[in-house]
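Visitor: Take a look at coords10.pdb, PDB, C-alpha atoms and all ligand atoms:
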ATOM      1  CA  MET A  29      16.850   5.059   5.007  1.00  0.00           C
ATOM      2  CA  ASN A  30      15.344   6.418   1.863  1.00  0.00           C
ATOM      3  CA  GLU A  31      15.992  10.126   1.192  1.00  0.00           C
ATOM      4  CA  SER A  32      12.837  10.603  -0.938  1.00  0.00           C
ATOM      5  CA  PRO A  33       9.783  12.159   0.728  1.00  0.00           C
ATOM      6  CA  GLN A  34       7.807   9.723   2.838  1.00  0.00           C
ATOM      7  CA  ILE A  35       4.639   8.296   1.327  1.00  0.00           C
ATOM      8  CA  VAL A  36       1.182   8.191   2.852  1.00  0.00           C
ATOM      9  CA  ALA A  37      -1.193   5.961   0.917  1.00  0.00           C
ATOM     10  CA  GLY A  38      -4.873   5.399   1.654  1.00  0.00           C
ATOM     11  CA  ASN A  39      -6.499   2.090   0.752  1.00  0.00           C
ATOM     12  CA  TRP A  40     -10.264   2.575   0.660  1.00  0.00           C
ATOM     13  CA  LYS A  41     -10.892  -1.147   0.085  1.00  0.00           C
ATOM     14  CA  MET A  42     -14.583  -1.771  -0.810  1.00  0.00           C
ATOM     15  CA  ASN A  43     -15.770   1.523   0.671  1.00  0.00           C
ATOM     16  CA  LEU A  44     -17.019   4.831  -0.755  1.00  0.00           C
ATOM     17  CA  THR A  45     -19.053   5.352  -3.914  1.00  0.00           C
ATOM     18  CA  LEU A  46     -17.974   7.796  -6.608  1.00  0.00           C
ATOM     19  CA  SER A  47     -20.037  10.628  -5.138  1.00  0.00           C
ATOM     20  CA  GLN A  48     -18.644   9.895  -1.670  1.00  0.00           C
ATOM     21  CA  GLY A  49     -15.127   9.853  -3.122  1.00  0.00           C
ATOM     22  CA  ARG A  50     -15.732  13.241  -4.757  1.00  0.00           C
ATOM     23  CA  GLU A  51     -17.014  14.626  -1.462  1.00  0.00           C
ATOM     24  CA  PHE A  52     -13.917  13.247   0.297  1.00  0.00           C
ATOM     25  CA  LEU A  53     -11.649  15.094  -2.127  1.00  0.00           C
ATOM     26  CA  ARG A  54     -13.648  18.303  -1.853  1.00  0.00           C
ATOM     27  CA  ARG A  55     -13.168  18.275   1.912  1.00  0.00           C
ATOM     28  CA  PHE A  56      -9.581  17.075   1.662  1.00  0.00           C
ATOM     29  CA  LYS A  57      -8.806  20.050  -0.570  1.00  0.00           C
ATOM     30  CA  GLU A  58      -9.943  22.381   2.198  1.00  0.00           C
ATOM     31  CA  PHE A  59      -7.526  20.754   4.644  1.00  0.00           C
ATOM     32  CA  MET A  60      -4.761  20.934   2.037  1.00  0.00           C
ATOM     33  CA  GLY A  61      -5.514  24.663   1.784  1.00  0.00           C
ATOM     34  CA  GLN A  62      -4.661  24.983   5.505  1.00  0.00           C
ATOM     35  CA  SER A  63      -1.364  23.168   5.139  1.00  0.00           C
ATOM     36  CA  ARG A  64       0.081  20.851   2.562  1.00  0.00           C
ATOM     37  CA  PRO A  65       1.756  17.749   4.000  1.00  0.00           C
ATOM     38  CA  PRO A  66       5.417  17.349   3.014  1.00  0.00           C
ATOM     39  CA  ARG A  67       4.734  13.791   1.849  1.00  0.00           C
ATOM     40  CA  GLN A  68       3.794  12.022  -1.342  1.00  0.00           C
ATOM     41  CA  LEU A  69       0.096  11.141  -1.120  1.00  0.00           C
ATOM     42  CA  LEU A  70      -1.562   8.196  -2.809  1.00  0.00           C
ATOM     43  CA  LEU A  71      -5.149   6.971  -2.769  1.00  0.00           C
ATOM     44  CA  ALA A  72      -6.469   3.552  -3.746  1.00  0.00           C
ATOM     45  CA  PRO A  73     -10.227   3.752  -4.350  1.00  0.00           C
ATOM     46  CA  ASN A  74     -12.287   1.031  -5.962  1.00  0.00           C
ATOM     47  CA  PHE A  75     -11.830   0.531  -9.735  1.00  0.00           C
ATOM     48  CA  THR A  76     -15.200   2.175 -10.374  1.00  0.00           C
ATOM     49  CA  LEU A  77     -13.926   5.465  -8.921  1.00  0.00           C
ATOM     50  CA  LEU A  78     -10.544   5.720 -10.635  1.00  0.00           C
ATOM     51  CA  ALA A  79     -11.506   7.588 -13.812  1.00  0.00           C
ATOM     52  CA  GLY A  80     -13.986   9.805 -11.980  1.00  0.00           C
ATOM     53  CA  LEU A  81     -11.438  10.921  -9.376  1.00  0.00           C
ATOM     54  CA  ALA A  82      -8.395  11.204 -11.635  1.00  0.00           C
ATOM     55  CA  GLU A  83      -8.728  14.904 -12.371  1.00  0.00           C
ATOM     56  CA  ALA A  84      -9.391  16.002  -8.780  1.00  0.00           C
ATOM     57  CA  CYS A  85      -6.548  13.825  -7.505  1.00  0.00           C
ATOM     58  CA  GLY A  86      -4.243  15.267 -10.157  1.00  0.00           C
ATOM     59  CA  GLU A  87      -5.055  18.817  -9.035  1.00  0.00           C
ATOM     60  CA  LEU A  88      -4.227  17.912  -5.439  1.00  0.00           C
ATOM     61  CA  GLY A  89      -1.043  16.084  -6.395  1.00  0.00           C
ATOM     62  CA  ILE A  90      -2.457  12.780  -5.136  1.00  0.00           C
ATOM     63  CA  GLY A  91      -1.383   9.672  -7.062  1.00  0.00           C
ATOM     64  CA  LEU A  92      -4.092   7.160  -7.947  1.00  0.00           C
ATOM     65  CA  VAL A  93      -3.628   3.498  -7.106  1.00  0.00           C
ATOM     66  CA  ALA A  94      -5.696   0.470  -8.109  1.00  0.00           C
ATOM     67  CA  GLN A  95      -6.353  -2.159  -5.450  1.00  0.00           C
ATOM     68  CA  ASN A  96      -5.712  -5.170  -7.679  1.00  0.00           C
ATOM     69  CA  CYS A  97      -5.035  -6.150 -11.293  1.00  0.00           C
ATOM     70  CA  ALA A  98      -5.380  -9.173 -13.518  1.00  0.00           C
ATOM     71  CA  PRO A  99      -2.246 -11.113 -14.413  1.00  0.00           C
ATOM     72  CA  GLN A 100      -3.475 -11.466 -18.012  1.00  0.00           C
ATOM     73  CA  GLU A 101      -3.186  -8.727 -20.598  1.00  0.00           C
ATOM     74  CA  SER A 102      -6.749  -9.027 -21.978  1.00  0.00           C
ATOM     75  CA  GLY A 103      -9.278 -11.606 -23.041  1.00  0.00           C
ATOM     76  CA  ALA A 104     -12.115 -13.752 -21.743  1.00  0.00           C
ATOM     77  CA  TYR A 105     -11.687 -13.122 -17.998  1.00  0.00           C
ATOM     78  CA  THR A 106     -15.100 -11.920 -16.865  1.00  0.00           C
ATOM     79  CA  GLY A 107     -14.926  -9.608 -13.888  1.00  0.00           C
ATOM     80  CA  GLU A 108     -11.182  -8.945 -14.132  1.00  0.00           C
ATOM     81  CA  THR A 109      -9.441  -5.602 -14.728  1.00  0.00           C
ATOM     82  CA  SER A 110      -6.273  -5.340 -16.786  1.00  0.00           C
ATOM     83  CA  VAL A 111      -3.211  -3.190 -16.211  1.00  0.00           C
ATOM     84  CA  ALA A 112      -3.926  -1.274 -19.437  1.00  0.00           C
ATOM     85  CA  MET A 113      -7.483  -0.498 -18.230  1.00  0.00           C
ATOM     86  CA  ILE A 114      -6.155   0.740 -14.913  1.00  0.00           C
ATOM     87  CA  ARG A 115      -3.603   2.999 -16.564  1.00  0.00           C
ATOM     88  CA  ASP A 116      -6.222   4.275 -18.977  1.00  0.00           C
ATOM     89  CA  ALA A 117      -8.435   5.166 -15.986  1.00  0.00           C
ATOM     90  CA  GLY A 118      -5.657   7.397 -14.645  1.00  0.00           C
ATOM     91  CA  ALA A 119      -3.891   5.267 -12.027  1.00  0.00           C
ATOM     92  CA  GLY A 120      -0.121   4.949 -11.862  1.00  0.00           C
ATOM     93  CA  TRP A 121       0.216   2.317  -9.131  1.00  0.00           C
ATOM     94  CA  VAL A 122      -1.420  -0.961  -8.163  1.00  0.00           C
ATOM     95  CA  ILE A 123      -1.601  -2.828  -4.860  1.00  0.00           C
ATOM     96  CA  VAL A 124      -0.592  -6.457  -5.367  1.00  0.00           C
ATOM     97  CA  GLY A 125      -1.000  -9.166  -2.753  1.00  0.00           C
ATOM     98  CA  HIS A 126      -2.958  -7.310  -0.103  1.00  0.00           C
ATOM     99  CA  SER A 127      -3.597  -9.707   2.770  1.00  0.00           C
ATOM    100  CA  GLU A 128      -7.331  -9.598   2.038  1.00  0.00           C
ATOM    101  CA  ARG A 129      -6.595 -10.832  -1.490  1.00  0.00           C
ATOM    102  CA  ARG A 130      -4.279 -13.518  -0.118  1.00  0.00           C
ATOM    103  CA  HIS A 131      -6.555 -14.730   2.649  1.00  0.00           C
ATOM    104  CA  LEU A 132     -10.130 -14.065   1.461  1.00  0.00           C
ATOM    105  CA  PHE A 133      -9.545 -14.728  -2.232  1.00  0.00           C
ATOM    106  CA  ASN A 134      -6.797 -17.350  -1.964  1.00  0.00           C
ATOM    107  CA  GLU A 135      -4.232 -15.455  -4.027  1.00  0.00           C
ATOM    108  CA  ASP A 136      -0.926 -17.269  -3.643  1.00  0.00           C
ATOM    109  CA  ASP A 137       2.657 -16.134  -4.177  1.00  0.00           C
ATOM    110  CA  GLU A 138       2.745 -17.702  -7.635  1.00  0.00           C
ATOM    111  CA  LEU A 139      -0.306 -15.747  -8.848  1.00  0.00           C
ATOM    112  CA  LEU A 140       1.059 -12.581  -7.245  1.00  0.00           C
ATOM    113  CA  ARG A 141       4.325 -13.069  -9.100  1.00  0.00           C
ATOM    114  CA  LEU A 142       2.364 -13.050 -12.380  1.00  0.00           C
ATOM    115  CA  LYS A 143       0.448  -9.934 -11.313  1.00  0.00           C
ATOM    116  CA  LEU A 144       3.698  -8.138 -10.449  1.00  0.00           C
ATOM    117  CA  GLN A 145       5.106  -8.996 -13.841  1.00  0.00           C
ATOM    118  CA  ALA A 146       1.918  -7.881 -15.595  1.00  0.00           C
ATOM    119  CA  ALA A 147       2.054  -4.561 -13.735  1.00  0.00           C
ATOM    120  CA  ALA A 148       5.708  -4.032 -14.627  1.00  0.00           C
ATOM    121  CA  ALA A 149       5.148  -4.962 -18.283  1.00  0.00           C
ATOM    122  CA  GLY A 150       2.237  -2.531 -18.517  1.00  0.00           C
ATOM    123  CA  GLY A 151       4.000   0.377 -16.771  1.00  0.00           C
ATOM    124  CA  LEU A 152       2.109   0.328 -13.446  1.00  0.00           C
ATOM    125  CA  ARG A 153       4.181   0.678 -10.290  1.00  0.00           C
ATOM    126  CA  PRO A 154       3.303  -2.128  -7.874  1.00  0.00           C
ATOM    127  CA  ILE A 155       2.876  -1.799  -4.123  1.00  0.00           C
ATOM    128  CA  PHE A 156       3.602  -5.392  -3.133  1.00  0.00           C
ATOM    129  CA  CYS A 157       2.108  -6.325   0.242  1.00  0.00           C
ATOM    130  CA  VAL A 158       3.659  -8.864   2.568  1.00  0.00           C
ATOM    131  CA  GLY A 159       2.948  -9.800   6.169  1.00  0.00           C
ATOM    132  CA  GLU A 160       2.640 -12.633   8.634  1.00  0.00           C
ATOM    133  CA  THR A 161      -0.378 -13.932  10.580  1.00  0.00           C
ATOM    134  CA  LEU A 162      -0.527 -13.824  14.373  1.00  0.00           C
ATOM    135  CA  GLU A 163       0.136 -17.542  14.572  1.00  0.00           C
ATOM    136  CA  GLN A 164       3.224 -17.196  12.382  1.00  0.00           C
ATOM    137  CA  ARG A 165       4.516 -14.343  14.537  1.00  0.00           C
ATOM    138  CA  GLN A 166       3.886 -16.209  17.773  1.00  0.00           C
ATOM    139  CA  SER A 167       5.753 -19.236  16.499  1.00  0.00           C
ATOM    140  CA  GLY A 168       8.770 -17.089  15.604  1.00  0.00           C
ATOM    141  CA  LYS A 169       8.298 -17.433  11.836  1.00  0.00           C
ATOM    142  CA  ALA A 170       7.386 -13.833  10.965  1.00  0.00           C
ATOM    143  CA  ALA A 171      10.612 -12.911   9.172  1.00  0.00           C
ATOM    144  CA  ALA A 172      10.834 -16.243   7.334  1.00  0.00           C
ATOM    145  CA  VAL A 173       7.241 -15.867   6.097  1.00  0.00           C
ATOM    146  CA  VAL A 174       7.735 -12.300   4.902  1.00  0.00           C
ATOM    147  CA  LEU A 175      11.054 -13.029   3.189  1.00  0.00           C
ATOM    148  CA  GLY A 176       9.495 -16.112   1.574  1.00  0.00           C
ATOM    149  CA  GLN A 177       6.652 -13.992   0.179  1.00  0.00           C
ATOM    150  CA  LEU A 178       9.224 -11.570  -1.249  1.00  0.00           C
ATOM    151  CA  GLU A 179      11.399 -14.336  -2.663  1.00  0.00           C
ATOM    152  CA  THR A 180       8.587 -16.029  -4.589  1.00  0.00           C
ATOM    153  CA  GLY A 181       6.616 -12.937  -5.534  1.00  0.00           C
ATOM    154  CA  LEU A 182       9.612 -11.017  -6.835  1.00  0.00           C
ATOM    155  CA  GLU A 183      11.172 -13.851  -8.796  1.00  0.00           C
ATOM    156  CA  GLY A 184      11.882 -12.536 -12.279  1.00  0.00           C
ATOM    157  CA  PHE A 185      10.881  -8.990 -11.343  1.00  0.00           C
ATOM    158  CA  ALA A 186      13.353  -6.282 -12.357  1.00  0.00           C
ATOM    159  CA  GLY A 187      12.581  -3.902  -9.502  1.00  0.00           C
ATOM    160  CA  ALA A 188      11.599  -0.752 -11.406  1.00  0.00           C
ATOM    161  CA  GLY A 189       8.967   1.346  -9.660  1.00  0.00           C
ATOM    162  CA  LEU A 190       8.506  -1.183  -6.870  1.00  0.00           C
ATOM    163  CA  MET A 191       7.234  -0.325  -3.404  1.00  0.00           C
ATOM    164  CA  ILE A 192       6.744  -2.796  -0.563  1.00  0.00           C
ATOM    165  CA  ALA A 193       4.051  -2.597   2.112  1.00  0.00           C
ATOM    166  CA  TYR A 194       4.668  -4.572   5.277  1.00  0.00           C
ATOM    167  CA  GLU A 195       1.217  -5.249   6.693  1.00  0.00           C
ATOM    168  CA  PRO A 196       1.137  -7.765   9.545  1.00  0.00           C
ATOM    169  CA  VAL A 197      -2.184  -9.572   9.111  1.00  0.00           C
ATOM    170  CA  TRP A 198      -2.972  -9.364  12.831  1.00  0.00           C
ATOM    171  CA  ALA A 199      -2.723  -5.572  12.729  1.00  0.00           C
ATOM    172  CA  ILE A 200      -5.100  -4.984   9.793  1.00  0.00           C
ATOM    173  CA  GLY A 201      -8.438  -3.553  10.833  1.00  0.00           C
ATOM    174  CA  THR A 202      -7.938  -4.722  14.412  1.00  0.00           C
ATOM    175  CA  GLY A 203      -6.893  -1.483  16.104  1.00  0.00           C
ATOM    176  CA  GLN A 204      -3.736  -3.330  17.149  1.00  0.00           C
ATOM    177  CA  THR A 205      -0.657  -1.705  15.611  1.00  0.00           C
ATOM    178  CA  ALA A 206       2.794  -3.219  15.451  1.00  0.00           C
ATOM    179  CA  VAL A 207       5.090  -1.766  18.080  1.00  0.00           C
ATOM    180  CA  PRO A 208       7.165   0.783  16.113  1.00  0.00           C
ATOM    181  CA  GLU A 209      10.347  -1.104  17.041  1.00  0.00           C
ATOM    182  CA  ASP A 210       8.934  -4.405  15.673  1.00  0.00           C
ATOM    183  CA  ALA A 211       7.945  -2.616  12.481  1.00  0.00           C
ATOM    184  CA  ARG A 212      11.457  -1.150  12.227  1.00  0.00           C
ATOM    185  CA  GLN A 213      13.064  -4.566  12.620  1.00  0.00           C
ATOM    186  CA  MET A 214      10.917  -6.198   9.963  1.00  0.00           C
ATOM    187  CA  HIS A 215      11.487  -3.267   7.609  1.00  0.00           C
ATOM    188  CA  LEU A 216      15.217  -3.721   8.122  1.00  0.00           C
ATOM    189  CA  GLU A 217      14.951  -7.423   7.188  1.00  0.00           C
ATOM    190  CA  ILE A 218      12.970  -6.465   4.091  1.00  0.00           C
ATOM    191  CA  ARG A 219      15.464  -3.735   3.160  1.00  0.00           C
ATOM    192  CA  ARG A 220      18.399  -6.137   3.440  1.00  0.00           C
ATOM    193  CA  PHE A 221      16.573  -8.612   1.221  1.00  0.00           C
ATOM    194  CA  LEU A 222      15.847  -5.913  -1.389  1.00  0.00           C
ATOM    195  CA  ALA A 223      19.436  -4.649  -1.278  1.00  0.00           C
ATOM    196  CA  ARG A 224      20.688  -8.184  -1.992  1.00  0.00           C
ATOM    197  CA  ARG A 225      18.074  -8.777  -4.673  1.00  0.00           C
ATOM    198  CA  PHE A 226      18.206  -5.558  -6.752  1.00  0.00           C
ATOM    199  CA  ALA A 227      20.902  -3.036  -7.647  1.00  0.00           C
ATOM    200  CA  GLY A 228      19.912  -0.002  -5.563  1.00  0.00           C
ATOM    201  CA  GLY A 229      17.284  -2.165  -3.821  1.00  0.00           C
ATOM    202  CA  GLY A 230      18.065  -0.546  -0.476  1.00  0.00           C
ATOM    203  CA  LEU A 231      16.245   2.550  -1.739  1.00  0.00           C
ATOM    204  CA  ILE A 232      12.956   0.797  -2.531  1.00  0.00           C
ATOM    205  CA  PRO A 233      10.296   2.435  -0.314  1.00  0.00           C
ATOM    206  CA  ILE A 234       8.881   0.195   2.420  1.00  0.00           C
ATOM    207  CA  LEU A 235       5.523   1.258   3.846  1.00  0.00           C
ATOM    208  CA  TYR A 236       3.983   0.022   7.072  1.00  0.00           C
ATOM    209  CA  GLY A 237       0.276  -0.846   7.194  1.00  0.00           C
ATOM    210  CA  GLY A 238      -2.048  -2.080   9.927  1.00  0.00           C
ATOM    211  CA  SER A 239      -4.231   0.152  12.100  1.00  0.00           C
ATOM    212  CA  ALA A 240      -2.205   3.275  11.288  1.00  0.00           C
ATOM    213  CA  LYS A 241      -4.099   6.336  12.516  1.00  0.00           C
ATOM    214  CA  PRO A 242      -3.486   9.971  13.471  1.00  0.00           C
ATOM    215  CA  GLN A 243      -2.556   8.952  17.030  1.00  0.00           C
ATOM    216  CA  ASN A 244       0.243   6.562  16.062  1.00  0.00           C
ATOM    217  CA  ALA A 245       1.358   7.855  12.648  1.00  0.00           C
ATOM    218  CA  ALA A 246       4.147  10.106  13.951  1.00  0.00           C
ATOM    219  CA  ALA A 247       5.735   7.311  16.013  1.00  0.00           C
ATOM    220  CA  LEU A 248       5.626   4.915  13.066  1.00  0.00           C
ATOM    221  CA  LEU A 249       6.911   7.480  10.562  1.00  0.00           C
ATOM    222  CA  ALA A 250       9.757   8.378  12.929  1.00  0.00           C
ATOM    223  CA  GLN A 251      11.225   4.869  12.594  1.00  0.00           C
ATOM    224  CA  PRO A 252      14.299   5.118  10.370  1.00  0.00           C
ATOM    225  CA  GLU A 253      13.291   2.148   8.197  1.00  0.00           C
ATOM    226  CA  VAL A 254       9.669   3.222   7.694  1.00  0.00           C
ATOM    227  CA  ASP A 255       9.325   5.120   4.401  1.00  0.00           C
ATOM    228  CA  GLY A 256       5.601   5.676   4.699  1.00  0.00           C
ATOM    229  CA  LEU A 257       2.229   4.255   5.676  1.00  0.00           C
ATOM    230  CA  LEU A 258      -0.520   2.300   3.943  1.00  0.00           C
ATOM    231  CA  VAL A 259      -3.682   3.317   5.751  1.00  0.00           C
ATOM    232  CA  GLY A 260      -7.019   1.505   5.603  1.00  0.00           C
ATOM    233  CA  GLY A 261      -9.879   2.575   7.867  1.00  0.00           C
ATOM    234  CA  ALA A 262      -8.352   5.909   8.872  1.00  0.00           C
ATOM    235  CA  SER A 263      -8.042   6.974   5.211  1.00  0.00           C
ATOM    236  CA  LEU A 264     -11.828   7.036   4.752  1.00  0.00           C
ATOM    237  CA  ASP A 265     -12.201  10.308   6.605  1.00  0.00           C
ATOM    238  CA  PRO A 266     -10.526  13.339   4.983  1.00  0.00           C
ATOM    239  CA  GLU A 267      -9.529  14.927   8.281  1.00  0.00           C
ATOM    240  CA  SER A 268      -7.928  11.807   9.699  1.00  0.00           C
ATOM    241  CA  PHE A 269      -6.110  11.073   6.413  1.00  0.00           C
ATOM    242  CA  TRP A 270      -4.822  14.639   6.331  1.00  0.00           C
ATOM    243  CA  ARG A 271      -3.700  14.434   9.973  1.00  0.00           C
ATOM    244  CA  ILE A 272      -1.788  11.232   9.214  1.00  0.00           C
ATOM    245  CA  ALA A 273      -0.239  12.849   6.154  1.00  0.00           C
ATOM    246  CA  ARG A 274       1.014  15.738   8.319  1.00  0.00           C
ATOM    247  CA  ALA A 275       1.989  13.649  11.350  1.00  0.00           C
TER     248      ALA A 275
HETATM  249  P1  LIG A 301      -6.354  -0.669   8.551  1.00  0.00           P
HETATM  250  O1  LIG A 301      -5.562   0.624   8.530  1.00  0.00           O
HETATM  251  O2  LIG A 301      -7.829  -0.465   8.519  1.00  0.00           O
HETATM  252  O3  LIG A 301      -5.873  -1.569   9.625  1.00  0.00           O
HETATM  253  O4  LIG A 301      -5.998  -1.402   7.155  1.00  0.00           O
HETATM  254  C1  LIG A 301      -4.685  -1.510   6.771  1.00  0.00           C
HETATM  255  C2  LIG A 301      -4.645  -1.986   5.383  1.00  0.00           C
HETATM  256  O5  LIG A 301      -5.015  -3.114   5.101  1.00  0.00           O
HETATM  257  C3  LIG A 301      -4.176  -1.063   4.352  1.00  0.00           C
HETATM  258  O6  LIG A 301      -3.990  -1.711   3.135  1.00  0.00           O
END
Would you kindly transcribe this structure into structure tokens?
Ligand code: 13P
Guide:
Amino acid sequence: MNESPQIVAGNWKMNLTLSQGREFLRRFKEFMGQSRPPRQLLLAPNFTLLAGLAEACGELGIGLVAQNCAPQESGAYTGETSVAMIRDAGAGWVIVGHSERRHLFNEDDELLRLKLQAAAAGGLRPIFCVGETLEQRQSGKAAAVVLGQLETGLEGFAGAGLMIAYEPVWAIGTGQTAVPEDARQMHLEIRRFLARRFAGGGLIPILYGGSAKPQNAAALLAQPEVDGLLVGGASLDPESFWRIARA
């Protein structure tokens, strides 16, 4: 178990424009005025919102996260966004290997390894996502898949600033959450791997993601191996994100 405050991170995916993001933060600030959650809060809006939300997030103590980064430093890569650009826009973290990137955009462990190294070299803290499909879980391969993703992705990575998000693919956007006990067990496997792999690796925060919402956040956060949540759909509404953050 990590002694640092738990983390609640919202991944907005390809939702909310800049003006909608500003309105979210205006309303979120009102909830924060009622009571401030005892957790570290992070938000991952689209790239186009980062610079425009940086100041308001800073005032609220919310850390800004990018949803992706290029593995290259700079150059002729039309449509890509570099680590330096992300940092310059005010973000301190980046999500690497979200299951939507893996499955919809064919990002493999080898590419993700390069992205993790680019993030580390450029001073962005990566939130590295891992998780098995339903088929892999049903055939008893869940742990092997997740540990394999960690093994390849983290090869050559020194560990500084790393966070892991365990997001079972079958739980993302489906309303079906992992049973807290299953989440705990997988987090324990991940923690053991990290402890073997890095000095002090047992302290690397491991977030759970997949249909986390106000109704199940407390049960998930109560699991001893769960250091926080990565929230998709339920982070788009300021009240529900705030309720999760306080759960
Ligand atoms: P949902 O919370 O919408 O299931 O999404 C989870 C997720 O993918 C967070 O990165």
Visitor: Could you pull out the residues sitting within 7 Å of ligand LIG 301 (chain A), using all atoms listed in the file, and write them as a list in words?
Guide: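 Result of the 7 Å neighbour search around ligand LIG 301 (chain A): Asn39, His126, Glu195, Ala199, Ile200, Gly201, Thr202, Gly203, Gly237, Gly238, Ser239, Ala240, Leu258, Val259, Gly260, Gly261 and Ala262 of chain A.
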Visitor: With range 81-100 of chain A as the partner and 8 Å as the cut-off, tabulate the residues of range 118-230 of chain A that qualify, each row holding the nearest pair of atoms and their distance in Å to one decimal, using all atoms listed in the file, sorted by chain and rising number, as CSV.
Guide:
residue,atom,partner,partner_atom,distance
A:Gly118,CA,A:Ala82,CA,5.6
A:Ala119,CA,A:Leu92,CA,4.5
A:Gly120,CA,A:Leu92,CA,6.0
A:Trp121,CA,A:Val93,CA,4.5
A:Val122,CA,A:Ala94,CA,4.5
A:Ile123,CA,A:Gln95,CA,4.8
A:Val124,CA,A:Asn96,CA,5.8
A:Gly125,CA,A:Asn96,CA,7.9
A:Leu139,CA,A:Pro99,CA,7.5
A:Leu142,CA,A:Pro99,CA,5.4
A:Lys143,CA,A:Pro99,CA,4.3
A:Leu144,CA,A:Pro99,CA,7.7
A:Gln145,CA,A:Pro99,CA,7.7
A:Ala146,CA,A:Pro99,CA,5.4
A:Ala147,CA,A:Cys97,CA,7.7
Visitor: In Å, how far is it from CA of Leu53 in chain A to CA of Arg271 in chain A?
Guide: 14.5 Å
Visitor: One decimal, Å: what's the distance from CA of Ser63 in chain A over to CA of Ile272 in chain A, could you say?
Guide: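 Taking CA of Ser63 in chain A as the start and CA of Ile272 in chain A as the end point, the length is 12.6 Å.
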Visitor: Nearest residue to Pro66 in chain A out of A:Gly107, A:Ala193, A:Gly181, A:Val36, using all atoms listed in the file?
Guide: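 Residue with the minimum atom-to-atom distance to Pro66 in chain A: A:Val36.
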Visitor: What does the distance between CA of Gly38 in chain A and CA of Met214 in chain A come to in Å, to one decimal place?
Guide: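 Spanning CA of Gly38 in chain A to CA of Met214 in chain A is a straight-line distance of 21.3 Å.
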Visitor: Can you pull out the residues contacting Val173 in chain A? Cut-off 10 Å, using only C-alpha atoms, and skip same-chain residues under 2 positions away; I want them as number ranges by chain.
Guide: A: 158-161, 164-165, 168-171, 175-179
Visitor: Taking the file as shown, find all residues satisfying the PyMOL selection byres (((chain A and resi 249) around 12) and not hetatm) and write them as a compact mmCIF listing (two decimals) with C-alpha atoms, keeping the file's coordinate frame.
Guide:
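Final output, result-v9.txt:
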# COMPACT_ATOMS: atom_id res chain seq x y z
CA MET A 29 16.85 5.06 5.01
CA PRO A 33 9.78 12.16 0.73
CA GLN A 34 7.81 9.72 2.84
CA ILE A 35 4.64 8.30 1.33
CA VAL A 36 1.18 8.19 2.85
CA ARG A 67 4.73 13.79 1.85
CA PRO A 208 7.16 0.78 16.11
CA GLU A 209 10.35 -1.10 17.04
CA ALA A 211 7.94 -2.62 12.48
CA ARG A 212 11.46 -1.15 12.23
CA ILE A 234 8.88 0.20 2.42
CA LEU A 235 5.52 1.26 3.85
CA TYR A 236 3.98 0.02 7.07
CA GLY A 237 0.28 -0.85 7.19
CA ALA A 240 -2.20 3.28 11.29
CA LYS A 241 -4.10 6.34 12.52
CA PRO A 242 -3.49 9.97 13.47
CA GLN A 243 -2.56 8.95 17.03
CA ASN A 244 0.24 6.56 16.06
CA ALA A 245 1.36 7.86 12.65
CA ALA A 246 4.15 10.11 13.95
CA ALA A 247 5.74 7.31 16.01
CA LEU A 248 5.63 4.92 13.07
CA ALA A 250 9.76 8.38 12.93
CA GLN A 251 11.22 4.87 12.59
CA PRO A 252 14.30 5.12 10.37
CA GLU A 253 13.29 2.15 8.20
CA VAL A 254 9.67 3.22 7.69
CA ASP A 255 9.32 5.12 4.40
CA GLY A 256 5.60 5.68 4.70
CA LEU A 257 2.23 4.26 5.68
CA LEU A 258 -0.52 2.30 3.94
CA ILE A 272 -1.79 11.23 9.21
CA ALA A 273 -0.24 12.85 6.15
CA ARG A 274 1.01 15.74 8.32
CA ALA A 275 1.99 13.65 11.35
Visitor: Can you work out which one of A:Trp198, A:Ile114, A:Leu182, A:Arg224 has the shortest atom-to-atom distance to Gln166 in chain A, counting all atoms listed in the file?
Guide: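 The answer is A:Trp198, which sits nearest to Gln166 in chain A.
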Visitor: Please write the residues picked by the PyMOL selection byres (((chain A and resi 55) around 12) and not hetatm) on this file as a list of chain:residue names.
Guide: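 Given this file, the PyMOL selection byres (((chain A and resi 55) around 12) and not hetatm) evaluates to A:Gln48, A:Gly49, A:Arg50, A:Glu51, A:Phe52, A:Leu53, A:Arg54, A:Phe56, A:Lys57, A:Glu58, A:Phe59, A:Met60, A:Gly61, A:Gln62, A:Ala84, A:Leu88, A:Leu264, A:Asp265, A:Pro266, A:Glu267, A:Ser268, A:Phe269, A:Trp270.
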Visitor: Go ahead and save the picked residues with C-alpha atoms, as a short mmCIF file (atom, residue, chain, number, x, y, z; two decimals), keeping the file's coordinate frame.
Guide:
data_model
loop_
_atom_site.label_atom_id
_atom_site.label_comp_id
_atom_site.auth_asym_id
_atom_site.auth_seq_id
_atom_site.Cartn_x
_atom_site.Cartn_y
_atom_site.Cartn_z
CA GLN A 48 -18.64 9.90 -1.67
CA GLY A 49 -15.13 9.85 -3.12
CA ARG A 50 -15.73 13.24 -4.76
CA GLU A 51 -17.01 14.63 -1.46
CA PHE A 52 -13.92 13.25 0.30
CA LEU A 53 -11.65 15.09 -2.13
CA ARG A 54 -13.65 18.30 -1.85
CA PHE A 56 -9.58 17.08 1.66
CA LYS A 57 -8.81 20.05 -0.57
CA GLU A 58 -9.94 22.38 2.20
CA PHE A 59 -7.53 20.75 4.64
CA MET A 60 -4.76 20.93 2.04
CA GLY A 61 -5.51 24.66 1.78
CA GLN A 62 -4.66 24.98 5.50
CA ALA A 84 -9.39 16.00 -8.78
CA LEU A 88 -4.23 17.91 -5.44
CA LEU A 264 -11.83 7.04 4.75
CA ASP A 265 -12.20 10.31 6.60
CA PRO A 266 -10.53 13.34 4.98
CA GLU A 267 -9.53 14.93 8.28
CA SER A 268 -7.93 11.81 9.70
CA PHE A 269 -6.11 11.07 6.41
CA TRP A 270 -4.82 14.64 6.33
#
